[in-house]
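Asks: File input_8.cif below, mmCIF, C-alpha atoms and all ligand atoms:
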```cif
data_work
loop_
_atom_site.label_atom_id
_atom_site.label_comp_id
_atom_site.auth_asym_id
_atom_site.auth_seq_id
_atom_site.Cartn_x
_atom_site.Cartn_y
_atom_site.Cartn_z
CA MET P 279 3.54 45.82 -6.32
CA CYS P 280 3.49 42.29 -7.43
CA TYR P 281 6.50 40.06 -7.76
CA TYR P 282 6.35 36.61 -9.14
CA TYR P 283 8.65 34.06 -7.62
CA PRO P 284 8.54 30.58 -9.01
CA LYS P 285 7.89 28.32 -6.02
CA VAL P 286 10.79 26.08 -6.91
CA HIS P 287 13.84 27.09 -8.87
CA PRO P 288 13.55 25.58 -12.38
CA MET P 289 16.99 23.94 -12.23
CA TRP P 290 16.16 22.28 -8.95
CA GLN P 291 12.83 21.14 -10.35
CA ILE P 292 14.60 19.44 -13.25
CA GLY P 293 17.14 17.84 -10.93
CA LYS P 294 14.37 16.61 -8.69
CA MET P 295 12.47 15.09 -11.59
CA ASP P 296 15.56 13.24 -12.66
CA THR P 297 15.99 11.87 -9.19
CA LEU P 298 12.44 10.61 -8.90
CA ALA P 299 12.55 9.17 -12.40
CA GLN P 300 15.80 7.42 -11.51
CA SER P 301 14.57 5.98 -8.25
CA LEU P 302 11.36 4.75 -9.87
CA ASP P 303 13.42 3.16 -12.60
CA ASN P 304 15.75 1.60 -10.01
CA ILE P 305 12.89 0.09 -8.05
CA ARG P 306 11.25 -1.28 -11.18
CA THR P 307 14.54 -2.84 -12.26
CA ARG P 308 15.11 -4.32 -8.82
CA ILE P 309 11.65 -5.85 -8.76
CA THR P 310 12.24 -7.44 -12.15
CA GLN P 311 15.63 -8.78 -11.05
CA ILE P 312 14.30 -10.18 -7.78
CA GLU P 313 11.36 -11.81 -9.59
CA ALA P 314 13.81 -13.56 -11.89
CA ARG P 315 16.17 -14.58 -9.08
CA PHE P 316 13.39 -16.29 -7.13
CA GLN P 317 11.55 -17.86 -10.09
CA ARG P 318 8.60 -15.54 -9.78
CA PRO P 319 6.77 -14.89 -13.07
CA ALA P 320 7.77 -11.58 -14.67
CA GLY P 321 5.26 -8.91 -13.75
CA SER P 322 3.77 -10.87 -10.83
CA VAL P 323 4.78 -8.19 -8.30
CA ARG P 324 3.01 -4.85 -8.40
CA LEU P 325 4.64 -1.69 -7.12
CA LEU P 326 2.49 0.42 -4.83
CA ALA P 327 4.08 3.85 -4.49
CA VAL P 328 3.56 4.98 -0.90
CA THR P 329 2.99 8.72 -1.17
CA LYS P 330 2.04 9.64 2.40
CA THR P 331 3.59 12.99 3.38
CA ARG P 332 4.56 13.63 -0.28
CA PRO P 333 3.14 16.65 -2.12
CA VAL P 334 0.72 16.11 -4.98
CA GLU P 335 3.44 17.20 -7.43
CA ASP P 336 5.37 14.02 -6.61
CA LEU P 337 2.33 11.94 -7.48
CA GLU P 338 1.93 13.84 -10.75
CA GLN P 339 5.56 13.10 -11.62
CA CYS P 340 5.08 9.42 -10.85
CA LEU P 341 1.92 9.39 -12.94
CA ALA P 342 3.79 10.90 -15.89
CA LEU P 343 6.26 8.02 -15.52
CA GLY P 344 3.50 5.43 -15.70
CA GLN P 345 3.00 4.75 -11.99
CA THR P 346 -0.75 4.56 -11.32
CA CYS P 347 -1.11 2.86 -7.91
CA PHE P 348 -0.63 5.03 -4.84
CA GLY P 349 -0.77 4.17 -1.15
CA GLU P 350 -1.84 6.74 1.43
CA SER P 351 -1.98 6.39 5.22
CA TYR P 352 -3.63 9.55 6.46
CA LEU P 353 -7.16 10.20 5.31
CA GLN P 354 -7.14 13.99 5.71
CA GLU P 355 -3.96 14.24 3.68
CA ALA P 356 -5.16 11.80 1.02
CA LEU P 357 -8.56 13.30 0.21
CA PRO P 358 -7.31 16.54 -1.41
CA LYS P 359 -4.83 14.54 -3.50
CA ILE P 360 -7.61 12.22 -4.66
CA THR P 361 -9.77 15.21 -5.58
CA HIS P 362 -6.91 16.95 -7.35
CA LEU P 363 -6.03 13.88 -9.42
CA ALA P 364 -9.60 12.75 -10.17
CA GLY P 365 -10.19 11.21 -13.58
CA LYS P 366 -6.55 10.26 -14.15
CA GLY P 367 -7.04 6.51 -13.81
CA ILE P 368 -5.31 6.19 -10.45
CA GLU P 369 -5.85 3.21 -8.15
CA TRP P 370 -5.92 4.48 -4.56
CA HIS P 371 -4.90 2.19 -1.71
CA PHE P 372 -5.59 3.07 1.91
CA ILE P 373 -2.76 1.54 3.94
CA GLY P 374 -3.07 3.42 7.23
CA PRO P 375 -4.70 2.54 10.52
CA LEU P 376 -8.48 2.17 10.30
CA GLN P 377 -10.93 3.61 12.77
CA SER P 378 -14.71 3.50 12.51
CA ASN P 379 -14.97 7.23 11.86
CA LYS P 380 -12.89 6.90 8.68
CA THR P 381 -14.70 4.05 6.96
CA GLN P 382 -17.31 6.20 5.23
CA ALA P 383 -14.76 8.37 3.39
CA ILE P 384 -12.54 5.38 2.62
CA ALA P 385 -15.48 3.42 1.20
CA HIS P 386 -16.28 6.36 -1.08
CA HIS P 387 -12.82 7.38 -2.27
CA PHE P 388 -10.48 4.38 -2.30
CA ASP P 389 -10.16 1.26 -4.44
CA TRP P 390 -8.27 -0.86 -1.94
CA VAL P 391 -7.93 -1.07 1.84
CA HIS P 392 -5.00 -3.02 3.30
CA GLY P 393 -5.31 -2.76 7.06
CA VAL P 394 -8.57 -4.49 8.01
CA ASP P 395 -8.26 -6.53 11.18
CA ARG P 396 -11.78 -6.50 12.64
CA LEU P 397 -15.12 -7.68 11.34
CA LYS P 398 -16.83 -4.47 12.48
CA ILE P 399 -14.63 -2.36 10.20
CA ALA P 400 -15.26 -4.67 7.25
CA GLN P 401 -19.02 -4.54 7.86
CA ARG P 402 -18.98 -0.75 7.91
CA LEU P 403 -16.93 -0.60 4.69
CA SER P 404 -19.34 -3.07 3.10
CA SER P 405 -22.47 -1.12 4.01
CA GLN P 406 -20.92 2.26 3.18
CA ARG P 407 -19.48 1.33 -0.22
CA PRO P 408 -21.72 2.97 -2.84
CA ASP P 409 -23.39 0.50 -5.27
CA THR P 410 -22.33 2.75 -8.11
CA LEU P 411 -18.69 1.78 -7.49
CA PRO P 412 -17.06 -1.61 -8.03
CA PRO P 413 -16.50 -3.66 -4.86
CA LEU P 414 -13.82 -2.33 -2.53
CA ASN P 415 -10.73 -4.57 -2.60
CA LEU P 416 -9.65 -5.58 0.85
CA CYS P 417 -6.70 -7.21 2.57
CA ILE P 418 -6.74 -8.53 6.11
CA GLN P 419 -3.79 -7.27 8.12
CA VAL P 420 -2.00 -10.01 10.04
CA ASN P 421 0.19 -9.31 13.06
CA ILE P 422 2.61 -11.89 11.76
CA SER P 423 5.37 -11.21 14.27
CA GLN P 424 2.81 -11.27 17.09
CA GLU P 425 3.94 -7.93 18.47
CA PRO P 426 2.02 -6.71 21.53
CA VAL P 427 0.92 -3.30 20.22
CA LYS P 428 0.70 -3.79 16.49
CA ALA P 429 -2.39 -3.68 14.32
CA GLY P 430 -3.43 -6.92 12.71
CA VAL P 431 -5.27 -10.08 13.56
CA SER P 432 -3.23 -12.86 15.10
CA PRO P 433 -2.21 -15.65 12.72
CA ASN P 434 -4.46 -18.21 14.36
CA GLU P 435 -7.54 -15.99 13.92
CA VAL P 436 -7.08 -14.97 10.31
CA LEU P 437 -8.98 -17.88 8.75
CA ALA P 438 -12.04 -17.26 10.92
CA LEU P 439 -12.01 -13.56 10.03
CA ALA P 440 -11.60 -14.33 6.31
CA ARG P 441 -14.67 -16.61 6.50
CA GLN P 442 -16.71 -13.76 7.98
CA ILE P 443 -15.50 -11.06 5.59
CA ALA P 444 -15.56 -13.01 2.31
CA PRO P 445 -19.38 -13.05 1.94
CA LEU P 446 -19.92 -9.35 2.69
CA PRO P 447 -21.46 -7.45 -0.25
CA GLN P 448 -19.62 -4.62 -2.01
CA LEU P 449 -16.27 -5.97 -0.80
CA GLN P 450 -13.81 -8.23 -2.55
CA LEU P 451 -11.53 -10.01 -0.12
CA ARG P 452 -8.26 -10.13 -2.06
CA GLY P 453 -5.65 -11.28 0.41
CA LEU P 454 -3.42 -10.60 3.36
CA MET P 455 -1.17 -7.74 4.40
CA ALA P 456 1.58 -7.55 7.00
CA ILE P 457 4.24 -5.28 8.42
CA PRO P 458 6.58 -7.73 10.16
CA ALA P 459 8.83 -6.67 13.02
CA PRO P 460 11.95 -5.08 11.55
CA ALA P 461 14.81 -7.52 11.06
CA SER P 462 18.17 -6.83 9.45
CA ASP P 463 18.91 -10.42 8.51
CA ILE P 464 17.27 -11.48 5.27
CA GLU P 465 16.59 -14.99 6.54
CA ASP P 466 14.69 -13.56 9.52
CA GLN P 467 12.76 -11.30 7.15
CA ARG P 468 11.94 -14.26 4.93
CA ALA P 469 10.68 -16.36 7.84
CA ALA P 470 7.89 -13.86 8.59
CA PHE P 471 6.89 -13.58 4.93
CA ARG P 472 6.98 -17.36 4.53
CA ALA P 473 4.55 -17.63 7.43
CA MET P 474 2.27 -15.17 5.60
CA HIS P 475 2.40 -17.32 2.49
CA GLY P 476 1.47 -20.32 4.62
CA LEU P 477 -1.65 -18.55 5.89
CA PHE P 478 -2.52 -17.46 2.35
CA ASP P 479 -2.30 -21.09 1.16
CA GLN P 480 -4.32 -22.30 4.12
CA ILE P 481 -7.17 -19.87 3.39
CA ASN P 482 -7.14 -20.64 -0.33
CA ALA P 483 -7.31 -24.36 0.53
CA GLN P 484 -10.55 -23.63 2.40
CA GLY P 485 -12.17 -22.37 -0.80
CA ILE P 486 -11.75 -18.65 -0.15
CA ALA P 487 -9.90 -17.52 -3.26
CA LEU P 488 -7.18 -15.01 -2.42
CA ASP P 489 -4.76 -13.59 -5.00
CA THR P 490 -2.89 -10.91 -3.04
CA LEU P 491 -0.03 -10.87 -0.58
CA SER P 492 0.65 -7.22 0.28
CA MET P 493 4.04 -7.37 1.94
CA GLY P 494 7.47 -5.85 1.61
CA MET P 495 8.56 -2.24 2.09
CA SER P 496 11.76 -0.39 1.25
CA ASP P 497 13.91 -2.37 3.70
CA ASP P 498 12.56 -5.88 3.16
CA MET P 499 11.27 -5.91 -0.40
CA GLU P 500 13.61 -8.65 -1.59
CA ALA P 501 12.66 -11.07 1.20
CA ALA P 502 8.97 -10.39 0.58
CA ILE P 503 9.20 -11.04 -3.16
CA ALA P 504 11.22 -14.20 -2.52
CA GLU P 505 8.33 -15.46 -0.38
CA GLY P 506 5.51 -14.59 -2.74
CA ALA P 507 4.55 -10.92 -2.34
CA THR P 508 2.23 -9.72 -5.10
CA ILE P 509 2.17 -6.07 -3.96
CA VAL P 510 5.17 -4.30 -2.45
CA ARG P 511 4.52 -0.99 -0.70
CA ILE P 512 7.47 1.30 -1.28
CA GLY P 513 7.88 4.80 0.13
CA SER P 514 11.33 5.95 1.22
CA ALA P 515 13.25 4.04 -1.45
CA LEU P 516 11.32 6.08 -4.01
CA PHE P 517 10.97 9.49 -2.41
CA GLY P 518 13.68 9.59 0.23
CA VAL P 519 13.28 9.52 3.98
CA ARG P 520 9.99 11.00 5.15
CA PRO P 521 9.90 13.96 7.51
CA THR P 522 8.87 12.70 10.95
CA LYS P 523 5.22 13.38 11.57
CA THR P 524 4.65 15.69 14.47
CA ALA P 525 0.87 15.92 14.59
C1 LIG W 1 4.79 4.05 5.19
C2 LIG W 1 4.35 2.68 4.84
C3 LIG W 1 5.02 1.93 3.86
C4 LIG W 1 6.26 2.42 3.13
O1 LIG W 1 7.37 2.25 3.94
P1 LIG W 1 8.87 2.56 3.39
O2 LIG W 1 9.73 1.90 4.42
O3 LIG W 1 9.01 4.02 3.35
O4 LIG W 1 8.99 1.92 2.07
C5 LIG W 1 4.51 0.70 3.55
N1 LIG W 1 3.42 0.19 4.17
C6 LIG W 1 2.76 0.86 5.12
C7 LIG W 1 1.57 0.25 5.75
C8 LIG W 1 3.22 2.12 5.50
O5 LIG W 1 2.55 2.77 6.46
#
```
So, in terms of structure tokens, how does the structure I just supplied come out?
Replies:
Amino acid sequence: MCYYYPKVHPMWQIGKMDTLAQSLDNIRTRITQIEARFQRPAGSVRLLAVTKTRPVEDLEQCLALGQTCFGESYLQEALPKITHLAGKGIEWHFIGPLQSNKTQAIAHHFDWVHGVDRLKIAQRLSSQRPDTLPPLNLCIQVNISQEPVKAGVSPNEVLALARQIAPLPQLQLRGLMAIPAPASDIEDQRAAFRAMHGLFDQINAQGIALDTLSMGMSDDMEAAIAEGATIVRIGSALFGVRPTKTA
């Protein structure tokens, strides 16, 4: 005997699509409004949809709505999605923690890496990036709030690290990334992002041309755009609260 059950009830599927379409539309509208409010050029902030823990169907829905940049944090989860969606013109951003044993796969399958905070990792990505692919775009992660156990290079070491990474072949150093300590007050949020912009200017002034500030998530997107973010990384505001990861 063989019964066929649709995995998801069709009505629910439609409702769900509406919801995702609406939240994507909301975020796009908000970005445009915030750009205007803070005299940022229209279109100067790119939306990176953070799809960690989301099923591939969510990415397909986003894609159908014109969203082509996706951020993933867990390599083992990301690889099947990348395979499944091959050839669809997606730009894949690795935004998770980086360990040496992951660099090979990241260098082969991603277009961007946001969390580099050590020369050794950058050197591995550089040597493992296939020559058949364009250079891997890279952001240095800065521990801007100087938290004791957070990834990221300290603010006073970022220039030295940028000088070492910039010349590496098969990499394109694009800019800086940060996840500041959570703050509920927008002025406190802005202070951390302003400090990031200061570092960005300082490095550019040294002749290392950066064009990317990857900063701002669902809860601090406005402050980040006000202070010059060029990529905001948005997960929960698009897809709802993530299930807590137990593994
Ligand atoms: C999960 C994650 C995000 C998205 O966070 P939300 O608060 O869900 O928008 C952004 N950046 C990084 C590095 C993340 O790991």
Asks: Residues contacting ligand LIG 1 (chain W) - anything with an atom at most 12 Å away, using all atoms listed in the file - can you give me those as a PyMOL selection string?
Replies: chain P and resi 305+325-332+348-352+371-376+391-394+417+419-420+428-430+455-458+460+492-499+509-523
Asks: May I ask which of the residues P:Thr410, P:Gln450, P:Ser423, P:Ser405 is the closest one to Asp489 of chain P, counting all atoms listed in the file?
Replies: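 Using all atoms listed in the file, Asp489 of chain P sits closest to P:Gln450.
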Asks: Would you mind telling me which residue in P:Asn434, P:Gln448, P:Gln300, P:Asn415 lies nearest to Gln401 of chain P when using only C-alpha atoms?
Replies: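 Closest to Gln401 of chain P, using only C-alpha atoms: P:Gln448.
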Asks: Can you tell me which residues surround segment 380-385 of chain P at a distance of at most 6 Å, considering all atoms listed in the file, apart from same-chain residues fewer than 6 positions away, and format the answer as a ChimeraX atom specification?
Replies: /P:403,406-407
Asks: Which distance in Å separates atom CA of Asp409 of chain P and atom CA of Thr346 of chain P, to one decimal?
Replies: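 If I compute the distance from atom CA of Asp409 of chain P to atom CA of Thr346 of chain P, I get 23.8 Å.
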Asks: Could you state the separation of atom CA of Ala400 of chain P and atom CA of Val334 of chain P in Å, given to one decimal place?
Replies: 28.9 Å
Asks: Report, in Å to a single decimal, how far apart atom CA of Leu302 of chain P and atom CA of Gly344 of chain P are.
Replies: 9.8 Å
Asks: Which one is closest to Gly321 of chain P: P:Leu416, P:Ala487, P:Ile309, P:Ile368? Count all atoms listed in the file.
Replies: P:Ile309
Asks: I need the residue nearest Arg468 of chain P from this list: P:Ile422, P:Pro447, P:Gln484, P:Leu437. Use only C-alpha atoms for the distance.
Replies: P:Ile422
Asks: Can you find the residues with an atom no farther than 12 Å from (3.3, 9.4, -15.6), counting only C-alpha atoms, and report them as a PDB file with C-alpha atoms, in the frame of the given file?
Replies:
```pdb
ATOM      1  CA  MET P 295      12.470  15.090 -11.590  1.00  0.00           C
ATOM      2  CA  LEU P 298      12.440  10.610  -8.900  1.00  0.00           C
ATOM      3  CA  ALA P 299      12.550   9.170 -12.400  1.00  0.00           C
ATOM      4  CA  LEU P 302      11.360   4.750  -9.870  1.00  0.00           C
ATOM      5  CA  GLU P 335       3.440  17.200  -7.430  1.00  0.00           C
ATOM      6  CA  ASP P 336       5.370  14.020  -6.610  1.00  0.00           C
ATOM      7  CA  LEU P 337       2.330  11.940  -7.480  1.00  0.00           C
ATOM      8  CA  GLU P 338       1.930  13.840 -10.750  1.00  0.00           C
ATOM      9  CA  GLN P 339       5.560  13.100 -11.620  1.00  0.00           C
ATOM     10  CA  CYS P 340       5.080   9.420 -10.850  1.00  0.00           C
ATOM     11  CA  LEU P 341       1.920   9.390 -12.940  1.00  0.00           C
ATOM     12  CA  ALA P 342       3.790  10.900 -15.890  1.00  0.00           C
ATOM     13  CA  LEU P 343       6.260   8.020 -15.520  1.00  0.00           C
ATOM     14  CA  GLY P 344       3.500   5.430 -15.700  1.00  0.00           C
ATOM     15  CA  GLN P 345       3.000   4.750 -11.990  1.00  0.00           C
ATOM     16  CA  THR P 346      -0.750   4.560 -11.320  1.00  0.00           C
ATOM     17  CA  CYS P 347      -1.110   2.860  -7.910  1.00  0.00           C
ATOM     18  CA  LYS P 366      -6.550  10.260 -14.150  1.00  0.00           C
ATOM     19  CA  GLY P 367      -7.040   6.510 -13.810  1.00  0.00           C
ATOM     20  CA  ILE P 368      -5.310   6.190 -10.450  1.00  0.00           C
TER      21      ILE P 368
END
```
Asks: Complete the atoms of segment 369-384 of chain P to N, CA, C and O atoms and put them out as a CSV table (one decimal), in the frame of the given file.
Replies:
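Saved result, rebuild37.csv, follows:
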```csv
chain,number,residue,atom,x,y,z
P,369,GLU,N,-5.3,4.2,-9.1
P,369,GLU,CA,-5.8,3.2,-8.2
P,369,GLU,C,-5.3,3.6,-6.8
P,369,GLU,O,-4.1,3.7,-6.5
P,370,TRP,N,-6.3,4.0,-5.9
P,370,TRP,CA,-5.9,4.5,-4.6
P,370,TRP,C,-6.0,3.4,-3.5
P,370,TRP,O,-7.1,2.7,-3.4
P,371,HIS,N,-4.9,3.2,-2.8
P,371,HIS,CA,-4.9,2.2,-1.7
P,371,HIS,C,-4.8,2.9,-0.3
P,371,HIS,O,-3.9,3.6,-0.1
P,372,PHE,N,-5.7,2.6,0.5
P,372,PHE,CA,-5.6,3.1,1.9
P,372,PHE,C,-4.8,2.0,2.7
P,372,PHE,O,-5.2,0.9,2.9
P,373,ILE,N,-3.6,2.5,3.2
P,373,ILE,CA,-2.8,1.5,3.9
P,373,ILE,C,-2.6,1.9,5.4
P,373,ILE,O,-1.8,1.3,6.1
P,374,GLY,N,-3.3,2.9,5.9
P,374,GLY,CA,-3.1,3.4,7.2
P,374,GLY,C,-4.0,2.7,8.2
P,374,GLY,O,-4.7,1.8,7.9
P,375,PRO,N,-3.8,3.1,9.5
P,375,PRO,CA,-4.7,2.5,10.5
P,375,PRO,C,-6.2,2.9,10.3
P,375,PRO,O,-6.5,4.0,9.8
P,376,LEU,N,-7.1,2.0,10.6
P,376,LEU,CA,-8.5,2.2,10.3
P,376,LEU,C,-9.3,2.3,11.6
P,376,LEU,O,-9.2,1.5,12.5
P,377,GLN,N,-10.0,3.5,11.7
P,377,GLN,CA,-10.9,3.6,12.8
P,377,GLN,C,-12.3,3.8,12.2
P,377,GLN,O,-12.4,4.2,11.0
P,378,SER,N,-13.3,3.5,13.0
P,378,SER,CA,-14.7,3.5,12.5
P,378,SER,C,-15.1,4.8,11.9
P,378,SER,O,-15.8,4.9,10.9
P,379,ASN,N,-14.6,5.9,12.4
P,379,ASN,CA,-15.0,7.2,11.9
P,379,ASN,C,-14.4,7.5,10.5
P,379,ASN,O,-14.7,8.6,9.9
P,380,LYS,N,-13.5,6.7,10.0
P,380,LYS,CA,-12.9,6.9,8.7
P,380,LYS,C,-13.5,6.0,7.6
P,380,LYS,O,-13.2,6.3,6.4
P,381,THR,N,-14.3,5.0,8.0
P,381,THR,CA,-14.7,4.0,7.0
P,381,THR,C,-15.6,4.7,5.9
P,381,THR,O,-15.5,4.2,4.7
P,382,GLN,N,-16.4,5.6,6.2
P,382,GLN,CA,-17.3,6.2,5.2
P,382,GLN,C,-16.5,6.8,4.1
P,382,GLN,O,-16.8,6.6,2.9
P,383,ALA,N,-15.6,7.7,4.4
P,383,ALA,CA,-14.8,8.4,3.4
P,383,ALA,C,-13.9,7.4,2.6
P,383,ALA,O,-13.8,7.5,1.4
P,384,ILE,N,-13.4,6.4,3.3
P,384,ILE,CA,-12.5,5.4,2.6
P,384,ILE,C,-13.4,4.6,1.6
P,384,ILE,O,-13.0,4.4,0.5
```
